[in-house]
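Visitor: Following this line is data_10.tsv, made up of TSV, C-alpha atoms:
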chain	number	residue	atom	x	y	z
A	714	MET	CA	24.30	-42.72	43.62
A	715	ILE	CA	23.08	-43.68	40.16
A	716	PRO	CA	22.11	-40.62	38.06
A	717	ILE	CA	18.53	-40.81	36.78
A	718	LEU	CA	17.04	-38.73	33.99
A	719	HIS	CA	13.37	-37.86	34.64
A	720	GLY	CA	11.53	-36.72	31.55
A	721	GLU	CA	8.32	-36.33	29.61
A	722	VAL	CA	7.37	-36.77	25.96
A	723	ARG	CA	4.79	-34.42	24.47
A	724	GLU	CA	3.03	-34.18	21.16
A	725	GLY	CA	2.26	-30.50	20.89
A	726	ASP	CA	0.92	-29.55	24.33
A	727	ALA	CA	-0.37	-33.03	25.25
A	728	PRO	CA	1.53	-35.93	26.86
A	729	LEU	CA	2.53	-38.69	24.43
A	730	PRO	CA	2.13	-42.08	26.16
A	731	GLY	CA	3.57	-45.46	25.26
A	732	VAL	CA	6.47	-44.44	23.01
A	733	THR	CA	9.92	-45.94	23.46
A	734	VAL	CA	12.48	-43.43	24.74
A	735	THR	CA	16.10	-44.18	23.88
A	736	LEU	CA	19.15	-42.78	25.66
A	737	HIS	CA	22.18	-41.97	23.49
A	738	GLN	CA	25.79	-41.17	24.29
A	739	VAL	CA	27.96	-39.17	21.86
A	740	SER	CA	31.66	-38.43	22.28
A	741	SER	CA	34.58	-37.71	19.98
A	742	ASP	CA	35.36	-41.44	19.96
A	743	LEU	CA	32.02	-43.23	19.85
A	744	SER	CA	28.26	-42.94	19.88
A	745	GLY	CA	25.36	-45.27	20.40
A	746	GLU	CA	22.27	-46.25	22.31
A	747	ILE	CA	22.91	-47.12	25.95
A	748	ASP	CA	19.43	-47.52	27.49
A	749	SER	CA	15.73	-47.37	26.66
A	750	ASN	CA	12.40	-47.25	28.45
A	751	GLN	CA	8.73	-46.77	27.62
A	752	ALA	CA	6.87	-43.59	28.45
A	753	GLY	CA	3.97	-44.08	30.80
A	754	ALA	CA	0.32	-43.14	30.36
A	755	ASP	CA	1.17	-39.55	31.32
A	756	GLY	CA	4.12	-39.39	28.91
A	757	THR	CA	6.74	-39.51	31.69
A	758	PHE	CA	9.81	-41.75	31.70
A	759	GLN	CA	13.03	-42.46	33.57
A	760	LEU	CA	16.42	-43.40	32.15
A	761	ARG	CA	19.58	-44.43	33.95
A	762	LEU	CA	22.82	-42.68	32.96
A	763	PRO	CA	26.12	-44.59	33.27
A	764	ARG	CA	27.61	-41.69	35.26
A	765	VAL	CA	26.95	-38.11	36.26
A	766	PRO	CA	27.37	-35.89	33.18
A	767	ASP	CA	30.17	-33.35	33.38
A	768	HIS	CA	31.11	-31.90	30.03
A	769	GLY	CA	33.87	-29.84	31.63
A	770	VAL	CA	35.69	-33.05	32.57
A	771	ARG	CA	34.69	-35.49	29.82
A	772	SER	CA	33.88	-34.55	26.22
A	773	GLU	CA	30.72	-36.61	26.07
A	774	VAL	CA	27.09	-35.70	25.63
A	775	TYR	CA	23.91	-37.60	26.48
A	776	PHE	CA	20.49	-37.09	24.94
A	777	ALA	CA	17.23	-38.99	24.63
A	778	SER	CA	15.13	-39.58	21.53
A	779	VAL	CA	11.77	-40.92	20.47
A	780	ARG	CA	10.49	-42.09	17.13
A	781	HIS	CA	6.94	-40.89	16.52
A	782	LEU	CA	4.94	-41.47	13.34
A	783	GLY	CA	8.14	-42.60	11.65
A	784	LEU	CA	10.14	-39.46	12.52
A	785	LEU	CA	12.97	-39.01	15.03
A	786	TYR	CA	12.78	-36.33	17.74
A	787	LEU	CA	15.47	-35.42	20.26
A	788	GLY	CA	15.52	-33.83	23.65
A	789	PRO	CA	18.20	-31.29	24.66
A	790	ALA	CA	21.83	-32.26	25.18
A	791	ILE	CA	22.71	-33.32	28.73
A	792	THR	CA	26.12	-31.99	29.76
A	793	SER	CA	25.89	-31.03	33.44
A	794	PRO	CA	24.54	-32.51	36.73
A	795	ALA	CA	22.14	-29.56	37.16
A	796	GLN	CA	20.10	-30.75	34.19
A	797	LEU	CA	19.11	-33.88	36.10
A	798	ASP	CA	17.28	-31.73	38.67
A	799	SER	CA	14.60	-30.57	36.23
A	800	LEU	CA	12.12	-32.29	33.92
A	801	TYR	CA	13.68	-33.37	30.61
A	802	LEU	CA	11.30	-32.59	27.74
A	803	ILE	CA	11.20	-34.30	24.35
A	804	GLN	CA	8.92	-32.41	21.99
A	805	ALA	CA	7.30	-34.39	19.19
A	806	PHE	CA	4.68	-33.26	16.69
A	807	ASP	CA	1.87	-34.59	14.61
A	808	THR	CA	2.73	-34.84	10.92
A	809	LEU	CA	1.38	-33.28	7.75
A	810	SER	CA	2.21	-34.64	4.31
A	811	VAL	CA	3.19	-32.11	1.66
A	812	PRO	CA	1.73	-32.05	-1.85
A	813	PRO	CA	3.77	-33.38	-4.78
A	814	GLY	CA	6.65	-30.99	-5.40
A	815	GLY	CA	6.78	-29.82	-1.78
A	816	ALA	CA	5.24	-27.26	0.54
A	817	THR	CA	5.25	-23.48	0.19
A	818	LEU	CA	7.16	-21.86	3.05
A	819	PRO	CA	8.41	-18.32	3.68
A	820	VAL	CA	12.09	-17.43	3.85
A	821	ALA	CA	12.86	-15.45	6.99
A	822	VAL	CA	16.34	-14.32	5.92
A	823	ARG	CA	18.35	-14.71	2.73
A	824	ASN	CA	21.95	-13.48	2.44
A	825	LEU	CA	23.53	-13.92	-1.00
A	826	LEU	CA	27.27	-13.17	-1.07
A	827	LEU	CA	28.76	-12.63	-4.52
A	828	GLU	CA	32.34	-12.42	-5.74
A	829	LYS	CA	33.09	-11.49	-9.36
A	830	VAL	CA	35.20	-13.97	-11.30
A	831	GLU	CA	36.17	-14.04	-14.95
A	832	GLU	CA	33.37	-16.32	-16.11
A	833	GLY	CA	30.63	-14.84	-13.92
A	834	TRP	CA	30.07	-14.91	-10.16
A	835	GLU	CA	30.84	-17.17	-7.22
A	836	ALA	CA	27.80	-17.27	-4.93
A	837	THR	CA	27.45	-18.21	-1.26
A	838	ASP	CA	23.74	-18.42	-0.49
A	839	PHE	CA	22.43	-18.55	3.09
A	840	LEU	CA	18.72	-19.18	3.65
A	841	GLN	CA	16.76	-19.32	6.88
A	842	LEU	CA	13.50	-21.13	6.25
A	843	ARG	CA	10.47	-20.53	8.50
A	844	GLN	CA	8.09	-23.38	9.27
A	845	GLY	CA	5.35	-21.67	11.26
A	846	GLY	CA	2.90	-24.57	11.48
A	847	ALA	CA	2.23	-26.89	14.41
A	848	ARG	CA	3.05	-30.16	12.59
A	849	THR	CA	6.15	-31.66	11.02
A	850	LEU	CA	6.05	-31.53	7.23
A	851	TYR	CA	7.13	-34.67	5.39
A	852	SER	CA	6.81	-36.43	2.06
A	853	PRO	CA	5.15	-39.86	2.33
A	854	GLU	CA	7.09	-40.98	-0.75
A	855	GLU	CA	10.41	-39.66	0.67
A	856	GLY	CA	10.31	-37.02	-2.03
A	857	VAL	CA	10.77	-33.26	-2.03
A	858	VAL	CA	9.47	-31.49	1.08
A	859	TRP	CA	10.40	-27.97	-0.08
A	860	ARG	CA	11.85	-26.64	-3.32
A	861	TYR	CA	13.34	-23.26	-4.24
A	862	PRO	CA	14.64	-21.99	-7.60
A	863	LEU	CA	18.17	-20.66	-8.15
A	864	PRO	CA	19.40	-18.41	-10.97
A	865	ALA	CA	18.96	-20.20	-14.30
A	866	SER	CA	22.71	-20.32	-15.00
A	867	ALA	CA	23.68	-21.70	-11.55
A	868	ARG	CA	26.16	-24.59	-11.71
A	869	ASP	CA	28.84	-26.38	-9.66
A	870	PHE	CA	26.42	-26.69	-6.76
A	871	GLU	CA	27.86	-27.54	-3.31
A	872	VAL	CA	26.18	-27.91	0.09
A	873	GLY	CA	27.87	-26.25	3.05
A	874	GLN	CA	26.61	-26.08	6.60
A	875	ALA	CA	23.00	-26.99	7.28
A	876	ASP	CA	20.56	-27.20	10.18
A	877	LEU	CA	19.04	-30.35	8.69
A	878	ALA	CA	19.69	-34.06	8.43
A	879	PRO	CA	22.67	-35.24	6.35
A	880	ASP	CA	22.04	-35.28	2.59
A	881	ALA	CA	18.79	-33.35	3.09
A	882	VAL	CA	19.77	-30.49	0.77
A	883	ARG	CA	20.24	-31.34	-2.91
A	884	PHE	CA	20.38	-29.67	-6.30
A	885	LEU	CA	17.46	-30.77	-8.45
A	886	GLY	CA	16.83	-29.44	-11.94
A	887	GLY	CA	18.19	-25.98	-11.17
A	888	ASP	CA	16.47	-25.77	-7.78
A	889	LEU	CA	17.38	-26.24	-4.16
A	890	ALA	CA	15.44	-29.22	-2.86
A	891	LEU	CA	14.94	-30.40	0.73
A	892	PHE	CA	14.24	-34.09	1.23
A	893	ALA	CA	14.15	-34.19	5.04
A	894	PRO	CA	11.10	-33.69	7.28
A	895	ILE	CA	10.79	-30.09	8.49
A	896	PRO	CA	9.53	-29.68	12.08
A	897	PRO	CA	8.03	-26.40	13.31
A	898	GLY	CA	10.53	-23.58	13.76
A	899	ASP	CA	13.34	-22.08	11.70
A	900	ARG	CA	15.85	-24.14	9.72
A	901	PHE	CA	18.92	-22.81	7.98
A	902	PHE	CA	21.30	-24.01	5.31
A	903	LEU	CA	24.14	-22.65	3.23
A	904	VAL	CA	24.95	-23.59	-0.35
A	905	ARG	CA	27.49	-22.46	-2.94
A	906	TYR	CA	27.33	-22.32	-6.70
A	907	ARG	CA	28.64	-20.41	-9.71
A	908	ILE	CA	26.59	-18.08	-11.88
A	909	SER	CA	27.57	-17.76	-15.53
A	910	GLY	CA	27.70	-14.31	-17.12
A	911	ASP	CA	27.69	-10.79	-15.74
A	912	ASP	CA	23.92	-10.32	-15.66
A	913	PHE	CA	21.44	-12.76	-14.14
A	914	THR	CA	18.03	-13.05	-12.51
A	915	ILE	CA	17.46	-14.26	-8.95
A	916	PRO	CA	13.99	-15.83	-8.52
A	917	VAL	CA	12.37	-14.88	-5.21
A	918	PRO	CA	9.13	-16.88	-5.03
A	919	GLY	CA	6.70	-16.71	-2.12
A	920	ARG	CA	7.44	-14.39	0.78
A	921	THR	CA	10.94	-13.34	1.84
A	922	GLU	CA	11.06	-11.26	5.00
A	923	VAL	CA	14.64	-9.97	4.64
A	924	MET	CA	16.96	-10.28	1.64
A	925	GLU	CA	20.50	-8.98	1.24
A	926	VAL	CA	22.91	-9.23	-1.68
A	927	LEU	CA	26.51	-8.51	-0.73
A	928	VAL	CA	29.15	-7.96	-3.42
A	929	ARG	CA	32.80	-8.30	-2.50
A	930	THR	CA	35.03	-5.32	-3.25
A	931	PRO	CA	36.93	-4.48	-5.31
A	932	GLY	CA	34.61	-5.47	-8.09
A	933	PRO	CA	32.43	-4.12	-10.86
A	934	ASP	CA	29.71	-1.62	-10.15
A	935	ALA	CA	26.38	-3.42	-10.13
A	936	GLU	CA	22.74	-3.05	-9.18
A	937	PHE	CA	20.09	-5.49	-7.98
A	938	PRO	CA	16.61	-3.95	-8.29
A	939	PRO	CA	14.27	-3.99	-6.42
A	940	LEU	CA	16.98	-4.17	-3.73
A	941	VAL	CA	18.51	-0.80	-2.82
A	942	PRO	CA	22.05	0.11	-1.72
A	943	SER	CA	22.65	0.13	2.02
A	944	THR	CA	25.61	0.55	4.38
A	945	PRO	CA	28.39	-1.85	3.32
A	946	ARG	CA	29.64	-4.56	5.64
A	947	GLU	CA	33.19	-5.33	6.65
A	948	LEU	CA	33.13	-9.04	7.42
A	949	GLU	CA	36.72	-9.05	8.59
A	950	PRO	CA	39.49	-6.44	8.47
A	951	GLY	CA	39.98	-5.32	4.89
A	952	LEU	CA	37.16	-7.52	3.54
A	953	VAL	CA	34.35	-5.12	2.56
A	954	PHE	CA	31.12	-5.98	0.78
A	955	ARG	CA	28.76	-3.56	-0.89
A	956	ARG	CA	25.29	-4.29	0.37
A	957	TYR	CA	21.84	-4.21	-1.24
A	958	THR	CA	18.74	-4.88	0.86
A	959	ALA	CA	14.97	-5.25	0.78
A	960	THR	CA	12.25	-6.43	3.15
A	961	ASP	CA	8.88	-8.09	2.67
A	962	LEU	CA	9.39	-9.33	-0.88
A	963	THR	CA	6.59	-11.38	-2.43
A	964	ASP	CA	6.75	-13.37	-5.68
A	965	THR	CA	9.35	-11.21	-7.38
A	966	GLU	CA	12.69	-11.36	-9.17
A	967	VAL	CA	15.96	-9.61	-8.36
A	968	LEU	CA	17.79	-8.44	-11.49
A	969	GLY	CA	21.58	-8.56	-11.16
A	970	ARG	CA	23.23	-6.17	-13.62
A	971	VAL	CA	26.83	-5.08	-14.05
A	972	LEU	CA	26.90	-1.38	-14.91
A	973	ASP	CA	29.08	0.12	-17.60
A	974	GLY	CA	32.10	2.20	-16.71
A	975	ASP	CA	35.02	2.09	-14.31
A	976	PRO	CA	34.59	-0.75	-11.78
A	977	ARG	CA	35.87	1.50	-9.01
A	978	PHE	CA	33.33	2.76	-6.52
A	979	ARG	CA	30.94	5.52	-7.38
A	980	ALA	CA	30.99	8.57	-5.12
A	981	GLU	CA	27.87	7.57	-3.18
A	982	TRP	CA	29.50	4.27	-2.22
A	983	LEU	CA	32.58	5.92	-0.79
A	984	GLY	CA	30.67	7.53	2.05
A	985	LEU	CA	28.79	4.35	2.83
A	986	ILE	CA	31.94	2.24	2.89
A	987	LEU	CA	33.74	4.75	5.08
A	988	ALA	CA	30.82	4.66	7.52
A	989	ALA	CA	30.87	0.87	7.56
A	990	VAL	CA	34.60	0.63	8.18
A	991	LEU	CA	34.64	3.30	10.90
A	992	GLY	CA	31.55	1.85	12.54
A	993	GLY	CA	32.81	-1.73	12.50
A	994	ALA	CA	29.74	-2.88	10.61
A	995	GLY	CA	28.75	-6.45	10.00
A	996	VAL	CA	30.27	-9.74	11.03
A	997	PHE	CA	28.86	-12.99	9.72
A	998	ALA	CA	30.10	-16.07	7.89
A	999	TYR	CA	32.31	-15.64	4.90
A	1000	ARG	CA	35.66	-16.83	6.18
A	1001	ASN	CA	36.73	-20.25	4.96
A	1002	ARG	CA	33.82	-20.17	2.54
A	1003	ARG	CA	35.22	-23.03	0.46
A	1004	CYS	CA	35.07	-25.48	3.36
A	1005	LEU	CA	32.26	-28.00	3.04
A	1006	ASP	CA	30.31	-30.58	5.05
A	1007	GLY	CA	30.02	-28.47	8.19
A	1008	THR	CA	33.62	-27.24	8.44
A	1009	LEU	CA	32.88	-23.53	8.22
A	1010	THR	CA	34.64	-21.48	10.86
A	1011	GLN	CA	31.48	-19.52	11.51
A	1012	SER	CA	28.02	-19.32	9.97
A	1013	PRO	CA	25.39	-16.57	9.95
A	1014	THR	CA	23.34	-18.62	12.42
A	1015	PRO	CA	25.58	-21.16	14.18
A	1016	PRO	CA	24.21	-24.69	14.54
A	1017	HIS	CA	22.84	-25.64	17.94
A	1018	ARG	CA	24.17	-28.69	19.79
A	1019	LYS	CA	20.77	-30.33	19.46
A	1020	ASP	CA	20.82	-30.03	15.67
A	1021	LEU	CA	24.28	-31.59	15.46
A	1022	LEU	CA	23.22	-34.45	17.71
A	1023	LEU	CA	20.16	-35.04	15.56
A	1024	ALA	CA	22.33	-35.11	12.45
A	1025	ILE	CA	24.72	-37.64	14.06
A	1026	ALA	CA	21.85	-39.80	15.30
A	1027	GLU	CA	20.11	-39.86	11.91
A	1028	LEU	CA	23.38	-40.52	10.11
A	1029	ASP	CA	24.19	-43.46	12.39
A	1030	GLU	CA	20.68	-44.82	12.15
A	1031	ALA	CA	20.66	-44.70	8.35
A	1032	PHE	CA	24.00	-46.49	8.19
A	1033	ASP	CA	22.96	-49.13	10.72
A	1034	GLU	CA	19.84	-49.87	8.69
A	1035	GLY	CA	22.04	-50.95	5.80
A	1036	LYS	CA	21.89	-47.85	3.62
A	1037	GLY	CA	25.67	-47.59	3.76
A	1038	SER	CA	26.52	-51.04	2.51
A	1039	THR	CA	29.17	-50.16	-0.09
A	1040	GLU	CA	32.72	-49.01	0.59
A	1041	LYS	CA	32.00	-45.66	-1.06
A	1042	GLU	CA	28.92	-45.10	1.11
A	1043	ARG	CA	30.85	-46.13	4.21
A	1044	ALA	CA	33.63	-43.66	3.42
A	1045	SER	CA	31.05	-40.92	2.86
A	1046	TYR	CA	29.33	-41.81	6.14
A	1047	LEU	CA	32.60	-41.67	8.11
A	1048	ALA	CA	33.63	-38.34	6.53
A	1049	ARG	CA	30.29	-36.70	7.35
A	1050	ARG	CA	30.35	-38.10	10.85
A	1051	ARG	CA	33.85	-36.75	11.53
A	1052	ALA	CA	32.78	-33.31	10.27
A	1053	LEU	CA	29.72	-33.26	12.55
A	1054	LEU	CA	31.78	-34.36	15.53
A	1055	ARG	CA	34.27	-31.57	14.86
A	1056	GLN	CA	31.42	-29.05	14.99
A	1057	LEU	CA	30.12	-30.62	18.20
A	1058	LYS	CA	33.57	-30.37	19.76
A	1059	GLN	CA	33.83	-26.69	18.76
A	1060	LEU	CA	30.65	-25.99	20.76
A	1061	SER	CA	32.14	-27.64	23.85
The structure given in the file should be rewritten as structure tokens.

Guide:
Amino acid sequence: MIPILHGEVREGDAPLPGVTVTLHQVSSDLSGEIDSNQAGADGTFQLRLPRVPDHGVRSEVYFASVRHLGLLYLGPAITSPAQLDSLYLIQAFDTLSVPPGGATLPVAVRNLLLEKVEEGWEATDFLQLRQGGARTLYSPEEGVVWRYPLPASARDFEVGQADLAPDAVRFLGGDLALFAPIPPGDRFFLVRYRISGDDFTIPVPGRTEVMEVLVRTPGPDAEFPPLVPSTPRELEPGLVFRRYTATDLTDTEVLGRVLDGDPRFRAEWLGLILAAVLGGAGVFAYRNRRCLDGTLTQSPTPPHRKDLLLAIAELDEAFDEGKGSTEKERASYLARRRALLRQLKQLS
């Protein structure tokens, strides 16, 4: 019996008729388009799979995509026969162009991990961006979709794991800049950089729902007003971070200051750290923090299979369209693709 995928394409809550639906196969060895069909007047479609999916036996994944208003949308990953028994939904959205310089969006969560070094600080910055609208935000000129300032002395910028298309996150004039369309929902990314000097200012524009600064111990005594000290976190045995937190910040600045005196803990920190260690507080990504291009062992919010598939599909599509014509670009394409496939395999 030939396995058939029965699905529907929607734009918002309404069926999206007439679009071409493409079936993809992704494995550790290859990926590509294997079938296509056109959605009917009611948005429904059927696609024929080459065999019954069984991710427990074969490390391959199927998924379907549509291109709507110039943007690519994916359905969920197909890995088991049971998924063929229910309607397969591909959710697309109307689009909204952003003004020059990008849209203003709230940050749901920001975790800034700091480690003191001789010339300043090493920073690992995790941001979860919230796009609460009903349309996908994009730049008609392929420019900045969202922009966010970093400390003025930030340098040696590197992009780690991200819940966005490849090369979407860049460093632009001292700011984080996103160049990829942002559909409704939450997106996350992780970047690293160095901060020169002991004291610095962290810009916090717009609204930030939750912000935490975590300082690795041992290290100098510091403060980060308006954030206040909270229970430290032990991210792994023996790796303790002092923690400063705040909620519902709006258009403010966090002032990082190293305090004078012995860098050993003050008395009030000792009780907090003891409570954290005894209580087994806190576990989120810090291990292997120097690994780049999606090779982190663990992240604060792990990537979903769908996001990795989208990244692979967009990477392949960009290369096939001729954007990777030089040897250097081809090598970069292959390296990113291998990293994404490693993450996909880890979720198997």

Visitor: Rounded to one decimal, what separation in Å do you get between atom CA of Glu828 of chain A and atom CA of Gly919 of chain A?

Guide: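 Separation between atom CA of Glu828 of chain A and atom CA of Gly919 of chain A: 26.2 Å.
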
Visitor: To one decimal place, how far is atom CA of Pro813 of chain A from atom CA of Ser852 of chain A in Å?

Guide: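 Atom-to-atom, atom CA of Pro813 of chain A to atom CA of Ser852 of chain A, that is 8.1 Å.
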
Visitor: Tell me, in Å to one decimal, how far atom CA of Phe913 of chain A is from atom CA of Pro862 of chain A.

Guide: 13.2 Å

Visitor: Dump as an MDAnalysis selection string all residues having an atom at most 9 Å from (11.2, -37.2, 29.7), computed in the file's coordinates with all atoms listed in the file.

Guide: chainID A and resid 718:723 734 752 756:760 777 788 800:803

Visitor: Atoms to include: C-alpha atoms. Write the selected residues as a short mmCIF file (atom, residue, chain, number, x, y, z; two decimals), keeping the file's coordinate frame.

Guide:
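selection33.cif, written as the output of this step:
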data_model
loop_
_atom_site.label_atom_id
_atom_site.label_comp_id
_atom_site.auth_asym_id
_atom_site.auth_seq_id
_atom_site.Cartn_x
_atom_site.Cartn_y
_atom_site.Cartn_z
CA LEU A 718 17.04 -38.73 33.99
CA HIS A 719 13.37 -37.86 34.64
CA GLY A 720 11.53 -36.72 31.55
CA GLU A 721 8.32 -36.33 29.61
CA VAL A 722 7.37 -36.77 25.96
CA ARG A 723 4.79 -34.42 24.47
CA VAL A 734 12.48 -43.43 24.74
CA ALA A 752 6.87 -43.59 28.45
CA GLY A 756 4.12 -39.39 28.91
CA THR A 757 6.74 -39.51 31.69
CA PHE A 758 9.81 -41.75 31.70
CA GLN A 759 13.03 -42.46 33.57
CA LEU A 760 16.42 -43.40 32.15
CA ALA A 777 17.23 -38.99 24.63
CA GLY A 788 15.52 -33.83 23.65
CA LEU A 800 12.12 -32.29 33.92
CA TYR A 801 13.68 -33.37 30.61
CA LEU A 802 11.30 -32.59 27.74
CA ILE A 803 11.20 -34.30 24.35
#

Visitor: Sort by chain and increasing residue number a table of all residues of segment 743-855 of chain A within 12 Å of segment 955-973 of chain A, each with its closest pair of atoms and their distance in Å to one decimal, counting all atoms listed in the file, and write it as a Markdown table.

Guide:
| residue | atom | partner | partner_atom | distance |
| --- | --- | --- | --- | --- |
| A:Thr817 | CA | A:Asp964 | CA | 11.8 |
| A:Leu818 | CA | A:Thr963 | CA | 11.8 |
| A:Pro819 | CA | A:Thr963 | CA | 9.4 |
| A:Val820 | CA | A:Leu962 | CA | 9.8 |
| A:Ala821 | CA | A:Asp961 | CA | 9.4 |
| A:Val822 | CA | A:Thr960 | CA | 9.3 |
| A:Arg823 | CA | A:Thr958 | CA | 10.0 |
| A:Asn824 | CA | A:Thr958 | CA | 9.3 |
| A:Leu825 | CA | A:Tyr957 | CA | 9.9 |
| A:Leu826 | CA | A:Arg956 | CA | 9.2 |
| A:Leu827 | CA | A:Arg955 | CA | 9.8 |
| A:Glu828 | CA | A:Arg955 | CA | 10.7 |
| A:Lys829 | CA | A:Val971 | CA | 10.1 |
| A:Gly833 | CA | A:Val971 | CA | 10.5 |
| A:Trp834 | CA | A:Gly969 | CA | 10.6 |

Visitor: For segment 845-851 of chain A, work out the shell of residues within 10 Å, counting all atoms listed in the file and skipping chain neighbours fewer than 3 positions away, then give it as a VMD selection string.

Guide: chain A and resid 724 to 725 784 805 to 812 815 to 816 818 to 819 842 854 to 859 892 to 899

Visitor: So which residues touch Tyr906 of chain A within 10 Å, counting only C-alpha atoms, skipping near sequence neighbours fewer than 6 positions away, as a count of residues only?

Guide: 14

Visitor: Considering only C-alpha atoms, state which residue in the set A:Pro945, A:Pro766, A:Gly886, A:Pro789 is at the smallest distance from Leu927 of chain A.

Guide: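 Once distances to Leu927 of chain A are computed over only C-alpha atoms, the minimum belongs to A:Pro945.
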
Visitor: Taking all atoms listed in the file into account, which of A:Ile791, A:His781, A:Asn750, A:Leu743 comes nearest Asp767 of chain A?

Guide: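 When distances to Asp767 of chain A are compared using all atoms listed in the file, the smallest one comes from A:Ile791.
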
Visitor: Smallest atom-to-atom distance to Asp888 of chain A: which of A:Ala865, A:Val779, A:Ala875, A:Ile717, using all atoms listed in the file?

Guide: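 Nearest candidate to Asp888 of chain A out of A:Ala865, A:Val779, A:Ala875, A:Ile717: A:Ala865.
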
Visitor: Using all atoms listed in the file for the distances, tell me which of A:Gly753, A:Gly951, A:Pro939, A:Gly873 is nearest to Leu1053 of chain A.

Guide: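 Closest residue, counting all atoms listed in the file: A:Gly873.
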
Visitor: When you count only C-alpha atoms, which of these residues is closest to Phe776 of chain A: A:Gln751, A:Gln738, A:Gln844, A:Ser799?

Guide: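 Of A:Gln751, A:Gln738, A:Gln844, A:Ser799, the one nearest Phe776 of chain A is A:Gln738, counting only C-alpha atoms.
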
Visitor: Using only C-alpha atoms, pick whichever of A:Val928, A:Ala890, A:Phe902, A:Ile915 has the shortest atom-to-atom distance to Ser943 of chain A.

Guide: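 Of the candidates, the smallest distance to Ser943 of chain A is held by A:Val928.
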